[in-house]
Structure formats: structure tokens, C-alpha cells
file query_10.txt (compact mmCIF, C-alpha atoms)
# COMPACT_ATOMS: atom_id res chain seq x y z
CA MET A 254 -22.38 -21.81 11.06
CA ARG A 255 -21.15 -18.32 11.97
CA ALA A 256 -17.61 -19.68 12.28
CA VAL A 257 -17.83 -21.23 8.81
CA PHE A 258 -19.12 -17.96 7.34
CA SER A 259 -16.33 -16.00 9.00
CA PHE A 260 -13.74 -18.43 7.66
CA LEU A 261 -15.12 -18.15 4.11
CA LEU A 262 -15.18 -14.35 4.39
CA VAL A 263 -11.52 -14.31 5.43
CA LEU A 264 -10.66 -16.53 2.48
CA ALA A 265 -12.49 -14.24 0.07
CA LEU A 266 -10.81 -11.14 1.41
CA SER A 267 -7.42 -12.84 1.31
CA ALA A 268 -7.95 -13.81 -2.32
CA SER A 269 -8.93 -10.24 -3.20
CA VAL A 270 -5.90 -8.75 -1.48
CA SER A 271 -3.49 -11.33 -2.89
CA ALA A 272 -4.77 -10.61 -6.40
CA TYR A 273 -3.47 -7.07 -6.11
CA PRO A 274 0.29 -7.76 -5.92
CA ASN A 275 -0.04 -10.51 -8.54
CA GLY A 276 -1.34 -8.06 -11.12
CA ALA A 277 -4.64 -7.39 -12.84
CA PRO A 278 -6.75 -10.47 -13.67
CA ARG A 279 -7.97 -11.13 -17.21
CA ALA A 280 -11.49 -10.21 -16.14
CA THR A 281 -10.38 -6.56 -15.95
CA CYS A 282 -9.03 -6.38 -19.52
CA ASP A 283 -12.07 -4.58 -20.93
CA SER A 284 -13.01 -2.27 -18.07
CA MET A 285 -9.43 -1.78 -16.78
CA HIS A 286 -11.02 -1.37 -13.34
CA PRO A 287 -9.27 -3.20 -10.45
CA VAL A 288 -11.28 -5.63 -8.34
CA HIS A 289 -10.42 -3.74 -5.16
CA GLY A 290 -13.92 -2.52 -4.44
CA HIS A 291 -12.82 1.14 -4.44
CA LYS A 292 -13.93 3.93 -6.74
CA PRO A 293 -11.32 5.62 -8.95
CA GLN A 294 -9.99 9.02 -7.98
CA PRO A 295 -10.80 12.08 -10.11
CA GLY A 296 -8.16 13.42 -12.47
CA THR A 297 -4.85 11.83 -13.46
CA GLY A 298 -3.05 11.91 -10.13
CA GLY A 299 -0.03 13.36 -11.94
CA TYR A 300 0.45 10.14 -13.95
CA GLY A 301 1.01 9.91 -17.69
CA VAL A 302 1.66 7.50 -20.59
CA PHE A 303 4.39 8.55 -23.04
CA PRO A 304 5.16 6.83 -26.39
CA GLU A 305 8.41 7.25 -28.32
CA PRO A 306 9.47 5.47 -31.54
CA ASP A 307 12.35 2.98 -31.53
CA PHE A 308 14.13 2.53 -34.88
CA THR A 309 16.81 0.06 -33.77
CA GLY A 310 15.23 -2.91 -35.60
CA THR A 311 13.80 -3.62 -39.01
CA ARG A 312 10.27 -2.90 -37.75
CA THR A 313 9.20 0.22 -35.95
CA LYS A 314 8.73 -0.48 -32.27
CA TRP A 315 7.53 1.90 -29.59
CA THR A 316 8.92 2.57 -26.13
CA ILE A 317 5.99 3.26 -23.82
CA THR A 318 6.83 4.86 -20.47
CA LEU A 319 4.62 5.10 -17.39
CA ASN A 320 5.58 8.03 -15.23
CA GLY A 321 4.18 10.36 -12.62
CA THR A 322 4.81 12.89 -9.93
CA SER A 323 4.64 10.11 -7.34
CA ALA A 324 5.31 6.37 -7.26
CA PHE A 325 2.69 3.67 -7.75
CA HIS A 326 2.36 0.04 -6.70
CA GLY A 327 0.27 -1.36 -9.54
CA PHE A 328 -0.92 -0.69 -13.07
CA LEU A 329 -2.60 -2.09 -16.17
CA LEU A 330 -1.44 -0.90 -19.61
CA GLU A 331 -2.98 -1.58 -23.03
CA ALA A 332 -2.76 -0.26 -26.59
CA ARG A 333 -6.15 0.39 -28.15
CA SER A 334 -7.38 1.25 -31.61
CA THR A 335 -9.50 4.37 -31.90
CA ARG A 336 -11.86 2.27 -33.99
CA GLY A 337 -13.99 0.64 -31.31
CA GLY A 338 -11.33 0.51 -28.60
CA LYS A 339 -9.96 -2.91 -29.65
CA ILE A 340 -6.82 -4.03 -27.81
CA VAL A 341 -3.99 -4.27 -30.36
CA GLY A 342 -0.31 -5.19 -30.62
CA SER A 343 2.01 -7.02 -28.24
CA TRP A 344 4.49 -6.16 -25.49
CA SER A 345 8.10 -7.16 -24.81
CA HIS A 346 11.17 -6.12 -22.79
CA LEU A 347 9.21 -6.10 -19.56
CA PRO A 348 11.05 -4.60 -16.57
CA PRO A 349 11.23 -6.31 -13.16
CA ARG A 350 8.02 -6.60 -11.12
CA THR A 351 5.87 -6.61 -14.27
CA LYS A 352 4.35 -9.33 -16.46
CA ALA A 353 2.39 -9.81 -19.68
CA LEU A 354 -1.36 -10.35 -19.58
CA ASP A 355 -3.38 -12.22 -22.20
CA CYS A 356 -6.42 -10.13 -23.09
CA GLY A 357 -9.02 -11.13 -25.64
CA GLY A 358 -7.34 -14.49 -26.12
CA VAL A 359 -4.19 -12.78 -27.50
CA HIS A 360 -0.89 -13.64 -25.82
CA GLY A 361 0.91 -10.69 -24.25
CA SER A 362 -1.59 -8.07 -25.42
CA ALA A 363 -1.40 -6.11 -22.13
CA VAL A 364 1.02 -5.61 -19.26
CA THR A 365 0.46 -5.37 -15.53
CA HIS A 366 2.40 -5.42 -12.27
CA HIS A 367 3.77 -8.47 -10.48
CA ASN A 368 4.78 -6.66 -7.32
CA HIS A 369 4.59 -9.05 -4.36
CA LYS A 370 6.53 -6.79 -2.00
CA ARG A 371 4.56 -3.69 -3.05
CA LYS A 372 7.71 -1.78 -3.95
CA ASP A 373 7.39 1.70 -5.40
CA MET A 374 7.47 1.92 -9.20
CA ASN A 375 7.94 4.96 -11.41
CA ASN A 376 9.37 5.79 -14.82
CA ILE A 377 9.06 2.24 -16.15
CA SER A 378 9.22 1.50 -19.87
CA PHE A 379 8.03 -1.29 -22.16
CA THR A 380 8.38 -2.12 -25.83
CA TRP A 381 5.18 -2.29 -27.88
CA THR A 382 4.93 -3.61 -31.44
CA ALA A 383 1.89 -3.26 -33.66
CA SER A 384 0.53 -6.44 -35.18
CA SER A 385 -0.07 -4.46 -38.38
CA CYS A 386 0.35 -0.91 -39.67
CA LYS A 387 -3.43 -0.98 -40.05
CA ASP A 388 -3.78 -1.00 -36.25
CA ALA A 389 -3.46 2.80 -36.34
CA PRO A 390 -4.75 5.16 -35.13
CA VAL A 391 -3.71 3.86 -31.71
CA TYR A 392 -3.51 5.27 -28.21
CA PHE A 393 -2.17 3.79 -24.97
CA LYS A 394 -4.39 3.56 -21.93
CA ALA A 395 -3.41 2.84 -18.34
CA THR A 396 -4.82 2.38 -14.87
CA PHE A 397 -2.50 3.39 -12.03
CA VAL A 398 -2.81 2.04 -8.49
CA LYS A 399 -1.00 4.39 -6.12
CA HIS A 400 -2.00 2.10 -3.28
CA TYR A 401 -4.86 -0.30 -2.64
CA THR A 402 -7.54 2.35 -2.11
CA LYS A 403 -6.25 5.09 -4.44
CA ILE A 404 -6.78 4.27 -8.13
CA TYR A 405 -6.54 6.45 -11.24
CA GLU A 406 -8.20 5.18 -14.39
CA GLY A 407 -8.41 6.22 -18.03
CA ILE A 408 -4.93 7.76 -18.25
CA THR A 409 -4.19 7.95 -21.99
CA SER A 410 -1.38 8.96 -24.31
CA ASP A 411 -1.65 11.06 -27.43
CA VAL A 412 -3.11 9.27 -30.46
CA LEU A 413 -0.61 7.83 -32.94
CA ASN A 414 -1.94 8.21 -36.45
CA ASP A 415 0.90 6.05 -37.83
CA VAL A 416 2.51 3.16 -35.93
CA CYS A 417 4.95 2.26 -38.74
CA LEU A 418 7.19 5.32 -38.88
CA ARG A 419 10.50 5.00 -40.69
CA PRO A 420 13.64 7.02 -39.93
CA PRO A 421 14.60 9.60 -42.58
CA LYS A 422 17.21 8.37 -45.06
CA CYS A 423 20.40 10.30 -45.47
CA GLN A 424 22.33 10.48 -48.75
CA ASP A 425 26.02 11.33 -49.16
CA CYS A 426 26.63 10.90 -45.45
CA ASP A 427 30.06 11.02 -43.82
CA VAL A 428 31.06 7.39 -43.11
CA SER A 429 33.45 8.27 -40.28
CA LYS A 430 32.45 7.44 -36.72
CA ALA A 431 32.10 11.13 -35.84
CA GLY A 432 30.04 11.68 -38.97
CA GLN A 433 27.84 8.70 -38.20
CA ARG A 434 27.15 10.04 -34.73
CA LYS A 435 26.26 13.43 -36.18
CA VAL A 436 23.97 11.93 -38.81
CA LEU A 437 22.29 9.67 -36.26
CA GLY A 438 21.67 12.64 -33.99
CA LEU A 439 20.11 14.64 -36.81
CA ALA A 440 17.99 11.66 -37.86
CA ARG A 441 16.71 11.22 -34.34
CA ALA A 442 15.82 14.91 -34.15
CA ARG A 443 13.92 14.67 -37.42
CA CYS A 444 12.16 11.51 -36.23
CA ARG A 445 11.08 13.20 -33.03
CA GLY A 446 9.66 16.00 -35.13
CA ALA A 447 7.87 13.45 -37.30
CA MET A 448 6.41 11.81 -34.23
CA ARG A 449 5.12 15.12 -32.88
CA ALA A 450 3.37 15.63 -36.20
CA ASN A 451 2.08 12.05 -35.97
CA THR A 452 0.28 12.58 -32.68
CA LEU A 453 -3.01 14.31 -32.19
CA LYS A 454 -3.50 15.68 -28.70
CA ASN A 455 -6.68 14.31 -27.15
CA GLY A 456 -7.69 13.10 -30.58
CA LYS A 457 -9.16 9.71 -29.66

call {"tool": "encode", "arguments": {"input": "query_10.txt", "output": "C-alpha cells"}}
result
Amino acid sequence: MRAVFSFLLVLALSASVSAYPNGAPRATCDSMHPVHGHKPQPGTGGYGVFPEPDFTGTRTKWTITLNGTSAFHGFLLEARSTRGGKIVGSWSHLPPRTKALDCGGVHGSAVTHHNHKRKDMNNISFTWTASSCKDAPVYFKATFVKHYTKIYEGITSDVLNDVCLRPPKCQDCDVSKAGQRKVLGLARARCRGAMRANTLKNGK
């Protein structure tokens, strides 16, 4: 009987450990707390979540970057509405060693790691698209796993009051290539300024 119990215990521990490199399970979508059995560390651990608008398509998309002062092995990233914390939008352009996660029955509504070899990750970016302009205000929330026993939860971005920004229009622009580059650079600078005005520090 003791041998059977030991065997089952080994299986359970193996399943728990193997779940870590395969990414966060759907059961963690709401709490964003890993099933490692370890308490989160205080503070941010030097990690951050940084949104930036992407105007290359017909719809405004957002490049969301996870970064920190040190590398991490795992993560869970979601976009949430300030109205009740609902998970909103969808993710695309996933980098290597990451995958989409279906939360709340919505396909690709979160992203997590898929890091079998436990390689270091840092400065990784994803594309997020709102399902509707009415999703706003929105903030991005992440859990970082530096390693199996060191977890940082509740790392959030600034709040975006508008997720459907549009680049400023330019009239009477120079149509030459040099002029186009100059205009594009000015437009990007204005858009960055608009985004800074769009965010509200710690406003969730």
C-alpha cells in the first residue's frame, strides 16, 4: 500500500512540475496564480508590462512587451477591462516559446509560456487587438515566474483610456521618399504623445 501511495505521489508531483514548462493551465485564468504551491514574492521583481500603439494596419493594434531587470522562465499575460476585471481582446504574433491560452471560453484571450527547456526569456513582445473600442479602459496584467519557486504577481501596465487611437492626418505633405520618412517620423512622435495622454498612471 505504501508503495502504491509513493507511486501516486511521484505521478502527482511529476504532473505539477511538467505543467510549468507547458504554460499556465486554464484554471489559473482568473487568479493568475501558478499551481506551483509557492507564495508570490513581494514587489515587482523589476518586471514590467509596456504597451505601445501599432498603426500599420487598418485597425489600431497594440504591441505589449514584457521586460525586466532579469530573465524569467514563465509568465501569464492578459488584458483586462477596468470595469469588473473582465478579460478582453485577443493576441497574435506570438514569439517562440509562447502560446495562446483560451480563458473564459474565448480563443486566444491570454498568452503564456511554452518553455520546455526552461530557457531564459526577456524583452518579449506580443500583438493585442481589442474586440471593440468599448473594451476601454483597459490595462494589461502579468504574472512572472523567475523560476519555479520565485513568482511575481499582479504586475500591471498603465491604463489605456482609448484602445482605438488613430494616427494624426497630415495635409499638404511632401510625397517624396525623404518627405514621407520625415512625415512618418513626426506622426509617430505625435502618436507617442497622444498615447502618453491616453494613459493614466496607476489609474485602474

call {"tool": "residues_around", "arguments": {"input": "query_10.txt", "residues": "Tyr405 in chain A", "least_positions_apart": "6", "cutoff": "8 Å", "atoms": "all atoms listed in the file", "output": "list of chain:residue names"}}
result
A:Pro293, A:Gln294, A:Pro295, A:Gly296, A:Thr297, A:Gly298, A:Thr396, A:Phe397, A:Val398, A:Lys399

call {"tool": "residues_around", "arguments": {"input": "query_10.txt", "residues": "Leu329 in chain A", "least_positions_apart": "2", "cutoff": "12 Å", "atoms": "all atoms listed in the file", "output": "PyMOL selection string"}}
result
chain A and resi 273+275-279+281-287+302+319+325-327+331-332+351-356+362-367+393-398+404-409

call {"tool": "closest_residue", "arguments": {"input": "query_10.txt", "among": "A:Ala280, A:Val391, A:Cys386, A:Phe328", "to": "Arg419 in chain A", "atoms": "only C-alpha atoms"}}
result
A:Cys386

call {"tool": "atom_distance", "arguments": {"input": "query_10.txt", "atom1": "CA of Gly342 in chain A", "atom2": "CA of His400 in chain A"}}
result
28.3 Å

call {"tool": "residues_around", "arguments": {"input": "query_10.txt", "residues": "Thr318 in chain A", "least_positions_apart": "6", "cutoff": "7 Å", "atoms": "all atoms listed in the file", "output": "PyMOL selection string"}}
result
chain A and resi 302-304+376-379

call {"tool": "residues_around", "arguments": {"input": "query_10.txt", "residues": "Val416 in chain A", "least_positions_apart": "4", "cutoff": "12 Å", "atoms": "only C-alpha atoms", "output": "PDB file with C-alpha atoms, in the coordinates of the input"}}
result
ATOM      1  CA  PRO A 304       5.160   6.830 -26.390  1.00  0.00           C
ATOM      2  CA  GLU A 305       8.410   7.250 -28.320  1.00  0.00           C
ATOM      3  CA  PRO A 306       9.470   5.470 -31.540  1.00  0.00           C
ATOM      4  CA  ASP A 307      12.350   2.980 -31.530  1.00  0.00           C
ATOM      5  CA  PHE A 308      14.130   2.530 -34.880  1.00  0.00           C
ATOM      6  CA  ARG A 312      10.270  -2.900 -37.750  1.00  0.00           C
ATOM      7  CA  THR A 313       9.200   0.220 -35.950  1.00  0.00           C
ATOM      8  CA  LYS A 314       8.730  -0.480 -32.270  1.00  0.00           C
ATOM      9  CA  TRP A 315       7.530   1.900 -29.590  1.00  0.00           C
ATOM     10  CA  THR A 316       8.920   2.570 -26.130  1.00  0.00           C
ATOM     11  CA  ALA A 332      -2.760  -0.260 -26.590  1.00  0.00           C
ATOM     12  CA  ARG A 333      -6.150   0.390 -28.150  1.00  0.00           C
ATOM     13  CA  SER A 334      -7.380   1.250 -31.610  1.00  0.00           C
ATOM     14  CA  VAL A 341      -3.990  -4.270 -30.360  1.00  0.00           C
ATOM     15  CA  GLY A 342      -0.310  -5.190 -30.620  1.00  0.00           C
ATOM     16  CA  TRP A 381       5.180  -2.290 -27.880  1.00  0.00           C
ATOM     17  CA  THR A 382       4.930  -3.610 -31.440  1.00  0.00           C
ATOM     18  CA  ALA A 383       1.890  -3.260 -33.660  1.00  0.00           C
ATOM     19  CA  SER A 384       0.530  -6.440 -35.180  1.00  0.00           C
ATOM     20  CA  SER A 385      -0.070  -4.460 -38.380  1.00  0.00           C
ATOM     21  CA  CYS A 386       0.350  -0.910 -39.670  1.00  0.00           C
ATOM     22  CA  LYS A 387      -3.430  -0.980 -40.050  1.00  0.00           C
ATOM     23  CA  ASP A 388      -3.780  -1.000 -36.250  1.00  0.00           C
ATOM     24  CA  ALA A 389      -3.460   2.800 -36.340  1.00  0.00           C
ATOM     25  CA  PRO A 390      -4.750   5.160 -35.130  1.00  0.00           C
ATOM     26  CA  VAL A 391      -3.710   3.860 -31.710  1.00  0.00           C
ATOM     27  CA  TYR A 392      -3.510   5.270 -28.210  1.00  0.00           C
ATOM     28  CA  PHE A 393      -2.170   3.790 -24.970  1.00  0.00           C
ATOM     29  CA  VAL A 412      -3.110   9.270 -30.460  1.00  0.00           C
ATOM     30  CA  ALA A 447       7.870  13.450 -37.300  1.00  0.00           C
ATOM     31  CA  MET A 448       6.410  11.810 -34.230  1.00  0.00           C
ATOM     32  CA  ASN A 451       2.080  12.050 -35.970  1.00  0.00           C
ATOM     33  CA  THR A 452       0.280  12.580 -32.680  1.00  0.00           C
TER      34      THR A 452
END

call {"tool": "atom_distance", "arguments": {"input": "query_10.txt", "atom1": "CA of Tyr300 in chain A", "atom2": "CA of Pro348 in chain A"}}
result
18.3 Å

call {"tool": "atom_distance", "arguments": {"input": "query_10.txt", "atom1": "CA of Met374 in chain A", "atom2": "CA of Ser343 in chain A"}}
result
21.7 Å

call {"tool": "build_atoms", "arguments": {"input": "query_10.txt", "residues": "range 345-356 of chain A", "atoms": "all heavy atoms", "output": "CSV table (one decimal), in the coordinates of the input"}}
result
chain,number,residue,atom,x,y,z
A,345,SER,N,6.9,-6.4,-25.1
A,345,SER,CA,8.1,-7.2,-24.8
A,345,SER,C,9.0,-6.3,-24.0
A,345,SER,O,8.7,-5.1,-23.7
A,345,SER,CB,8.8,-7.6,-26.1
A,345,SER,OG,9.1,-6.4,-26.9
A,346,HIS,N,10.2,-6.8,-23.6
A,346,HIS,CA,11.2,-6.1,-22.8
A,346,HIS,C,10.5,-5.6,-21.5
A,346,HIS,O,10.6,-4.4,-21.2
A,346,HIS,CB,11.8,-5.0,-23.6
A,346,HIS,CG,12.6,-5.4,-24.8
A,346,HIS,ND1,12.0,-5.6,-26.0
A,346,HIS,CD2,13.9,-5.8,-24.9
A,346,HIS,CE1,12.9,-6.0,-26.9
A,346,HIS,NE2,14.1,-6.2,-26.2
A,347,LEU,N,9.9,-6.5,-20.8
A,347,LEU,CA,9.2,-6.1,-19.6
A,347,LEU,C,10.2,-5.9,-18.4
A,347,LEU,O,11.0,-6.8,-18.2
A,347,LEU,CB,8.2,-7.2,-19.2
A,347,LEU,CG,7.2,-7.6,-20.3
A,347,LEU,CD1,6.1,-8.5,-19.7
A,347,LEU,CD2,6.5,-6.3,-20.9
A,348,PRO,N,10.1,-4.8,-17.7
A,348,PRO,CA,11.0,-4.6,-16.6
A,348,PRO,C,10.7,-5.5,-15.4
A,348,PRO,O,9.6,-6.1,-15.4
A,348,PRO,CB,10.9,-3.1,-16.3
A,348,PRO,CG,9.5,-2.8,-16.8
A,348,PRO,CD,9.3,-3.7,-17.9
A,349,PRO,N,11.5,-5.5,-14.4
A,349,PRO,CA,11.2,-6.3,-13.2
A,349,PRO,C,9.9,-5.9,-12.5
A,349,PRO,O,9.5,-4.7,-12.6
A,349,PRO,CB,12.4,-6.0,-12.2
A,349,PRO,CG,13.5,-5.6,-13.1
A,349,PRO,CD,12.9,-4.9,-14.3
A,350,ARG,N,9.3,-6.8,-11.8
A,350,ARG,CA,8.0,-6.6,-11.1
A,350,ARG,C,6.8,-6.3,-12.1
A,350,ARG,O,5.9,-5.7,-11.7
A,350,ARG,CB,8.2,-5.5,-10.0
A,350,ARG,CG,9.2,-5.8,-9.0
A,350,ARG,CD,9.1,-4.9,-7.8
A,350,ARG,NE,9.2,-3.5,-8.1
A,350,ARG,CZ,10.4,-2.9,-8.3
A,350,ARG,NH1,11.5,-3.6,-8.2
A,350,ARG,NH2,10.4,-1.6,-8.6
A,351,THR,N,7.0,-6.7,-13.3
A,351,THR,CA,5.9,-6.6,-14.3
A,351,THR,C,5.7,-7.9,-15.0
A,351,THR,O,6.6,-8.8,-15.0
A,351,THR,CB,6.1,-5.5,-15.3
A,351,THR,OG1,7.2,-5.8,-16.2
A,351,THR,CG2,6.5,-4.2,-14.6
A,352,LYS,N,4.6,-8.1,-15.7
A,352,LYS,CA,4.4,-9.3,-16.5
A,352,LYS,C,3.3,-9.0,-17.6
A,352,LYS,O,2.6,-8.1,-17.5
A,352,LYS,CB,3.8,-10.4,-15.6
A,352,LYS,CG,2.4,-10.2,-15.0
A,352,LYS,CD,1.9,-11.4,-14.2
A,352,LYS,CE,0.5,-11.2,-13.7
A,352,LYS,NZ,0.0,-12.3,-12.9
A,353,ALA,N,3.4,-9.9,-18.6
A,353,ALA,CA,2.4,-9.8,-19.7
A,353,ALA,C,1.1,-10.4,-19.2
A,353,ALA,O,1.0,-11.3,-18.4
A,353,ALA,CB,2.9,-10.5,-20.9
A,354,LEU,N,0.0,-9.9,-19.9
A,354,LEU,CA,-1.4,-10.4,-19.6
A,354,LEU,C,-2.0,-10.7,-20.9
A,354,LEU,O,-1.9,-9.9,-21.9
A,354,LEU,CB,-2.1,-9.3,-18.8
A,354,LEU,CG,-3.5,-9.6,-18.3
A,354,LEU,CD1,-3.5,-10.7,-17.3
A,354,LEU,CD2,-4.2,-8.4,-17.8
A,355,ASP,N,-2.7,-11.8,-21.0
A,355,ASP,CA,-3.4,-12.2,-22.2
A,355,ASP,C,-4.8,-11.7,-22.2
A,355,ASP,O,-5.6,-12.2,-21.4
A,355,ASP,CB,-3.4,-13.7,-22.3
A,355,ASP,CG,-2.0,-14.3,-22.4
A,355,ASP,OD1,-1.0,-13.6,-22.6
A,355,ASP,OD2,-1.8,-15.6,-22.2
A,356,CYS,N,-5.1,-10.7,-23.0
A,356,CYS,CA,-6.4,-10.1,-23.1
A,356,CYS,C,-7.0,-10.5,-24.4
A,356,CYS,O,-6.4,-10.5,-25.5
A,356,CYS,CB,-6.4,-8.6,-22.9
A,356,CYS,SG,-6.0,-8.0,-21.3
